[in-house]
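**Student:** Got a file for you: structure.txt, compact mmCIF, C-alpha atoms.
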# COMPACT_ATOMS: atom_id res chain seq x y z
CA MET A 561 -2.39 -3.96 -3.06
CA GLU A 562 -1.01 -3.34 -6.57
CA SER A 563 -2.04 0.34 -6.39
CA THR A 564 -0.21 0.67 -3.06
CA ARG A 565 2.88 -0.87 -4.61
CA ILE A 566 2.69 1.47 -7.61
CA ALA A 567 2.14 4.43 -5.29
CA CYS A 568 5.23 3.45 -3.31
CA LEU A 569 7.24 3.25 -6.50
CA LEU A 570 6.00 6.65 -7.64
CA MET A 571 6.47 8.30 -4.28
CA VAL A 572 9.05 10.99 -4.14
CA LEU A 573 10.01 11.83 -0.62
CA VAL A 574 11.73 14.90 0.70
CA PHE A 575 14.59 12.46 1.00
CA VAL A 576 14.08 10.55 -2.23
CA ALA A 577 14.03 12.88 -5.19
CA CYS A 578 16.20 12.60 -8.24
CA ALA A 579 19.48 10.99 -9.11
CA PRO A 580 22.55 12.89 -7.96
CA ASP A 581 24.47 15.04 -10.44
CA ARG A 582 27.53 12.92 -9.68
CA ALA A 583 26.44 9.32 -9.35
CA ILE A 584 27.79 7.41 -6.38
CA SER A 585 28.96 4.04 -7.62
CA ALA A 586 29.13 0.89 -5.53
CA GLU A 587 32.90 1.40 -5.45
CA ASP A 588 32.44 4.95 -4.10
CA ALA A 589 29.95 3.67 -1.54
CA ALA A 590 31.95 0.64 -0.43
CA PRO A 591 33.46 0.89 3.03
CA ARG A 592 37.02 2.11 2.97
CA SER A 593 37.96 1.34 6.54
CA SER A 594 41.72 1.47 6.02
CA LEU A 595 41.39 4.93 4.46
CA ASP A 596 38.81 6.05 7.01
CA GLU A 597 40.90 4.96 9.97
CA ALA A 598 43.98 6.62 8.56
CA GLY A 599 42.08 9.80 7.79
CA ASP A 600 43.26 9.69 4.17
CA ASP A 601 39.82 9.75 2.53
CA PRO A 602 39.70 13.20 0.87
CA GLU A 603 35.88 13.38 1.05
CA ARG A 604 35.60 12.35 4.69
CA VAL A 605 35.32 14.86 7.50
CA GLU A 606 37.74 13.56 10.10
CA GLY A 607 36.04 11.64 12.90
CA SER A 608 32.63 11.61 11.24
CA ALA A 609 30.34 9.73 8.87
CA LEU A 610 30.05 12.77 6.58
CA ARG A 611 31.40 12.86 3.04
CA PRO A 612 31.03 16.39 1.64
CA MET A 613 31.50 16.19 -2.11
CA ASP A 614 33.23 19.55 -2.59
CA PRO A 615 35.52 21.90 -0.62
CA GLN A 616 32.78 24.48 -0.03
CA LEU A 617 30.67 21.88 1.75
CA ARG A 618 33.65 20.81 3.86
CA ARG A 619 33.80 24.45 5.03
CA VAL A 620 30.04 24.42 5.74
CA VAL A 621 30.41 21.30 7.89
CA GLN A 622 33.40 22.79 9.71
CA ALA A 623 31.51 26.05 10.34
CA GLY A 624 28.52 24.07 11.61
CA ARG A 625 30.70 22.15 14.05
CA GLU A 626 32.27 25.39 15.29
CA GLN A 627 29.12 27.50 15.51
CA SER A 628 26.42 25.08 16.69
CA PRO A 629 26.65 22.65 19.62
CA SER A 630 23.55 20.88 18.27
CA PHE A 631 25.08 20.43 14.81
CA ARG A 632 28.30 19.11 16.37
CA ALA A 633 26.30 16.65 18.53
CA ILE A 634 24.45 15.24 15.50
CA VAL A 635 27.69 14.79 13.55
CA ASP A 636 29.25 13.05 16.56
CA ARG A 637 26.22 10.78 17.04
CA LEU A 638 26.24 9.81 13.35
CA ALA A 639 29.90 8.80 13.62
CA ALA A 640 28.87 5.93 15.90
CA THR A 641 26.30 4.52 13.44
CA ASP A 642 26.26 2.40 10.30
CA VAL A 643 25.04 5.33 8.18
CA VAL A 644 27.40 7.28 5.91
CA VAL A 645 26.14 10.62 4.61
CA TYR A 646 27.35 12.06 1.32
CA VAL A 647 26.58 15.79 1.02
CA GLN A 648 26.17 17.59 -2.29
CA CYS A 649 24.97 21.01 -3.40
CA ALA A 650 22.63 21.16 -6.36
CA ARG A 651 20.22 23.45 -8.09
CA ARG A 652 16.83 22.73 -6.59
CA ARG A 653 13.89 22.58 -8.97
CA SER A 654 11.35 23.05 -6.23
CA HIS A 655 10.79 24.91 -3.01
CA LEU A 656 12.93 22.38 -1.10
CA GLU A 657 16.12 23.69 0.44
CA GLY A 658 17.39 20.20 1.13
CA GLU A 659 16.53 16.55 0.81
CA LEU A 660 17.86 13.14 1.73
CA GLN A 661 17.92 10.18 -0.65
CA TYR A 662 18.60 6.58 0.35
CA MET A 663 21.44 5.33 -1.88
CA GLY A 664 21.87 1.74 -0.78
CA THR A 665 23.49 -0.70 1.59
CA VAL A 666 26.94 -2.21 1.01
CA GLY A 667 28.78 -4.44 3.45
CA GLY A 668 26.39 -3.61 6.29
CA ILE A 669 26.87 0.13 5.82
CA ARG A 670 23.87 2.24 4.79
CA TYR A 671 24.54 5.18 2.47
CA VAL A 672 22.43 8.29 2.03
CA LEU A 673 22.86 11.43 -0.04
CA VAL A 674 21.89 14.86 1.27
CA ARG A 675 21.39 17.49 -1.40
CA LEU A 676 21.36 21.17 -0.42
CA SER A 677 20.35 24.13 -2.53
CA TRP A 678 23.36 26.09 -3.84
CA GLN A 679 21.77 29.49 -3.36
CA LEU A 680 21.47 29.22 0.44
CA THR A 681 23.68 31.30 2.70
CA THR A 682 26.27 29.40 4.74
CA SER A 683 24.18 29.82 7.90
CA ARG A 684 21.11 28.46 6.15
CA LYS A 685 23.09 25.55 4.67
CA ILE A 686 24.26 24.64 8.18
CA ALA A 687 20.68 24.66 9.50
CA ILE A 688 19.26 22.70 6.55
CA LEU A 689 22.13 20.20 6.68
CA GLY A 690 21.45 19.74 10.40
CA HIS A 691 17.78 19.09 9.59
CA GLU A 692 18.75 16.45 7.02
CA LEU A 693 21.34 14.90 9.35
CA GLN A 694 18.55 14.45 11.89
CA HIS A 695 16.78 12.37 9.24
CA ALA A 696 20.00 10.36 8.82
CA LEU A 697 19.95 9.71 12.58
CA GLU A 698 16.33 8.61 12.33
CA ILE A 699 17.42 6.09 9.69
CA ALA A 700 20.37 4.98 11.84
CA GLU A 701 18.02 4.33 14.77
CA ARG A 702 15.89 1.97 12.65
CA SER A 703 17.77 -1.06 11.40
CA ALA A 704 14.70 -2.11 9.35
CA ILE A 705 15.36 0.79 6.95
CA VAL A 706 17.49 -0.83 4.27
CA ASP A 707 16.20 0.72 1.02
CA SER A 708 13.89 3.42 -0.35
CA THR A 709 10.78 1.28 0.14
CA THR A 710 11.43 0.57 3.82
CA LEU A 711 12.37 4.23 4.26
CA ALA A 712 8.98 5.33 2.88
CA ARG A 713 7.16 2.76 5.01
CA ALA A 714 8.95 3.92 8.17
CA TYR A 715 8.26 7.59 7.52
CA GLU A 716 4.60 6.82 6.90
CA GLN A 717 4.55 5.55 10.51
CA PHE A 718 6.33 8.37 12.34
CA GLY A 719 6.61 11.23 9.85
CA VAL A 720 4.25 13.88 8.59
CA ALA A 721 3.25 13.56 4.94
CA ARG A 722 2.56 16.52 2.67
CA ARG A 723 1.16 15.91 -0.78
CA ALA A 724 1.96 18.14 -3.74
CA GLY A 725 0.27 16.59 -6.76
CA SER A 726 1.79 13.15 -7.26
CA ARG A 727 4.72 14.01 -4.99
CA VAL A 728 4.70 13.06 -1.32
CA ASP A 729 7.15 14.79 1.01
CA PHE A 730 7.81 13.48 4.51
CA ASP A 731 9.22 15.30 7.48
CA THR A 732 9.45 14.83 11.23
CA ALA A 733 8.98 17.09 14.21
CA ALA A 734 12.50 16.16 15.37
CA ALA A 735 14.11 17.28 12.10
CA ILE A 736 12.10 20.51 12.01
CA GLY A 737 13.06 21.25 15.62
CA THR A 738 16.72 20.39 15.01
CA GLY A 739 16.90 22.71 12.00
CA ARG A 740 15.33 25.56 13.97
CA THR A 741 17.65 25.03 16.95
CA ILE A 742 20.75 25.02 14.76
CA TRP A 743 19.51 28.12 12.89
CA ARG A 744 19.11 29.95 16.23
CA GLU A 745 22.56 28.85 17.44
CA VAL A 746 24.27 29.92 14.21
CA THR A 747 22.46 33.24 13.86
CA LEU A 748 22.84 34.13 17.54
CA ARG A 749 26.55 33.44 17.31
CA ALA A 750 26.78 35.59 14.17
CA ASP A 751 24.89 38.39 15.90
CA GLY A 752 27.13 38.09 18.96
CA ASP A 753 30.42 38.17 17.06
What is this structure when it is put down as structure tokens?
**Tutor:**
Amino acid sequence: MESTRIACLLMVLVFVACAPDRAISAEDAAPRSSLDEAGDDPERVEGSALRPMDPQLRRVVQAGREQSPSFRAIVDRLAATDVVVYVQCARRRSHLEGELQYMGTVGGIRYVLVRLSWQLTTSRKIAILGHELQHALEIAERSAIVDSTTLARAYEQFGVARRAGSRVDFDTAAAIGTGRTIWREVTLRADGD
């Protein structure tokens, strides 16, 4: 049992990797309903649960909503949940183009951080973000996921694990399919323009 507990603590998921470059404090994560309702939150994408952390990512989200019906549907579905998604670009140290990290729960709201690789094209960022947003929906659909440990336990049940040394990455067929669908929608639109 102790080895399982240690393994859980050492597990690094596709969604649980390293601390963000810009830490999200409890104050940052706390619900800001008066700002959200008024649309005055500078990080918030209007009408959604997304919080891109820089202007370039706001443009990526906007392009995704415009170019992909599937991306737009995921963003709309997330808006009706208790999950808020911060989005950040970062230099990736591994082969991963994106990952999702569980940040915490404050006031009944669950917060996650999606990190995307800087070097991706806009179309690829949209597809990878869509893939990670599907994971956020998977979390939203499971009220038992309230921290990194319960996230790992849940993904052991319905995800696919890939081991790379001491690292364990999880994924789901739904997220893989969502990313591929969004990629097709975005690239077909680009080819058709």
**Student:** I'd like to know which of A:Val643, A:Val674, A:Ala733, A:Leu610 is closest to A:Arg702, using all atoms listed in the file.
**Tutor:** A:Val643
**Student:** Pick the closest to A:Ala640 from A:Ala700, A:Ala735, A:Met663, A:Ile688: which is it, counting all atoms listed in the file?
**Tutor:**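 Checking each of A:Ala700, A:Ala735, A:Met663, A:Ile688 against A:Ala640, counting all atoms listed in the file, the winner is A:Ala700.
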**Student:** Could you give me, as a list in words, the residues that sit within 10 Å of (21.4, 0.6, 8.3) in the file's coordinates, counting only C-alpha atoms?
**Tutor:**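 The residues that fall inside the cut-off are Thr641, Asp642, Val643, Val644, Gly664, Thr665, Val666, Gly668, Ile669, Arg670, Tyr671, Val672, Ala696, Ile699, Ala700, Glu701, Arg702, Ser703, Ala704, Ile705, Val706 and Asp707 of chain A.
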**Student:** Centre and edge lengths, as AutoDock Vina command-line options, for the axis-aligned box enclosing every listed atom of stretch 705-716 of chain A with 5 Å of padding on each of the six sides, in Å to one decimal?
**Tutor:**
--center_x 11.0 --center_y 3.4 --center_z 3.9 --size_x 22.9 --size_y 18.4 --size_z 18.5
**Student:** May I ask for the distance between atom CA of A:Trp743 and atom CA of A:Glu659, given in Å to one decimal place?
**Tutor:** 17.0 Å
**Student:** Hey, can you check how far atom CA of A:Gly624 sits from atom CA of A:Thr681?
**Tutor:**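 Between atom CA of A:Gly624 and atom CA of A:Thr681 the gap is 12.5 Å.
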**Student:** Could you tell me how far atom CA of A:Leu689 sits from atom CA of A:Gly719, in Å to one decimal place?
**Tutor:** 18.2 Å
**Student:** Which residue is closest to A:Leu748? Choose from A:Ser608, A:Gln616, A:Ser628, A:Gln622 and count only C-alpha atoms.
**Tutor:**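 The answer is A:Ser628, which sits nearest to A:Leu748.
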**Student:** Which is closest to A:Thr682 among A:Val620, A:Ala721, A:Ala633, A:Val728, if we use only C-alpha atoms?
**Tutor:**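 Nearest to A:Thr682: A:Val620.
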**Student:** Identify which of the residues A:Phe730, A:Leu660, A:Ile634, A:Ser683 lies closest to A:Tyr646, counting all atoms listed in the file when measuring atom-to-atom distances.
**Tutor:**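 For A:Tyr646, the nearest of the candidates is A:Leu660.
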**Student:** Would you kindly return, as a list in words, each protein, DNA or RNA residue with an atom no farther than 9 Å from any atom of A:Val635, considering all atoms listed in the file and excluding same-chain residues fewer than 6 positions away?
**Tutor:** Gly607, Ser608, Ala609, Leu610, Arg625, Gly690 and Leu693 of chain A
**Student:** Just C-alpha atoms for this one: save the residues we selected as a PDB file, keeping the file's coordinate frame.
**Tutor:**
ATOM      1  CA  GLY A 607      36.040  11.640  12.900  1.00  0.00           C
ATOM      2  CA  SER A 608      32.630  11.610  11.240  1.00  0.00           C
ATOM      3  CA  ALA A 609      30.340   9.730   8.870  1.00  0.00           C
ATOM      4  CA  LEU A 610      30.050  12.770   6.580  1.00  0.00           C
ATOM      5  CA  ARG A 625      30.700  22.150  14.050  1.00  0.00           C
ATOM      6  CA  GLY A 690      21.450  19.740  10.400  1.00  0.00           C
ATOM      7  CA  LEU A 693      21.340  14.900   9.350  1.00  0.00           C
TER       8      LEU A 693
END
**Student:** Compare A:Arg637, A:Thr710, A:Gln679, A:Gly737 by their minimum atom-to-atom distance to A:Arg651, counting only C-alpha atoms, and give me the closest one.
**Tutor:**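 Checking each of A:Arg637, A:Thr710, A:Gln679, A:Gly737 against A:Arg651, counting only C-alpha atoms, the winner is A:Gln679.
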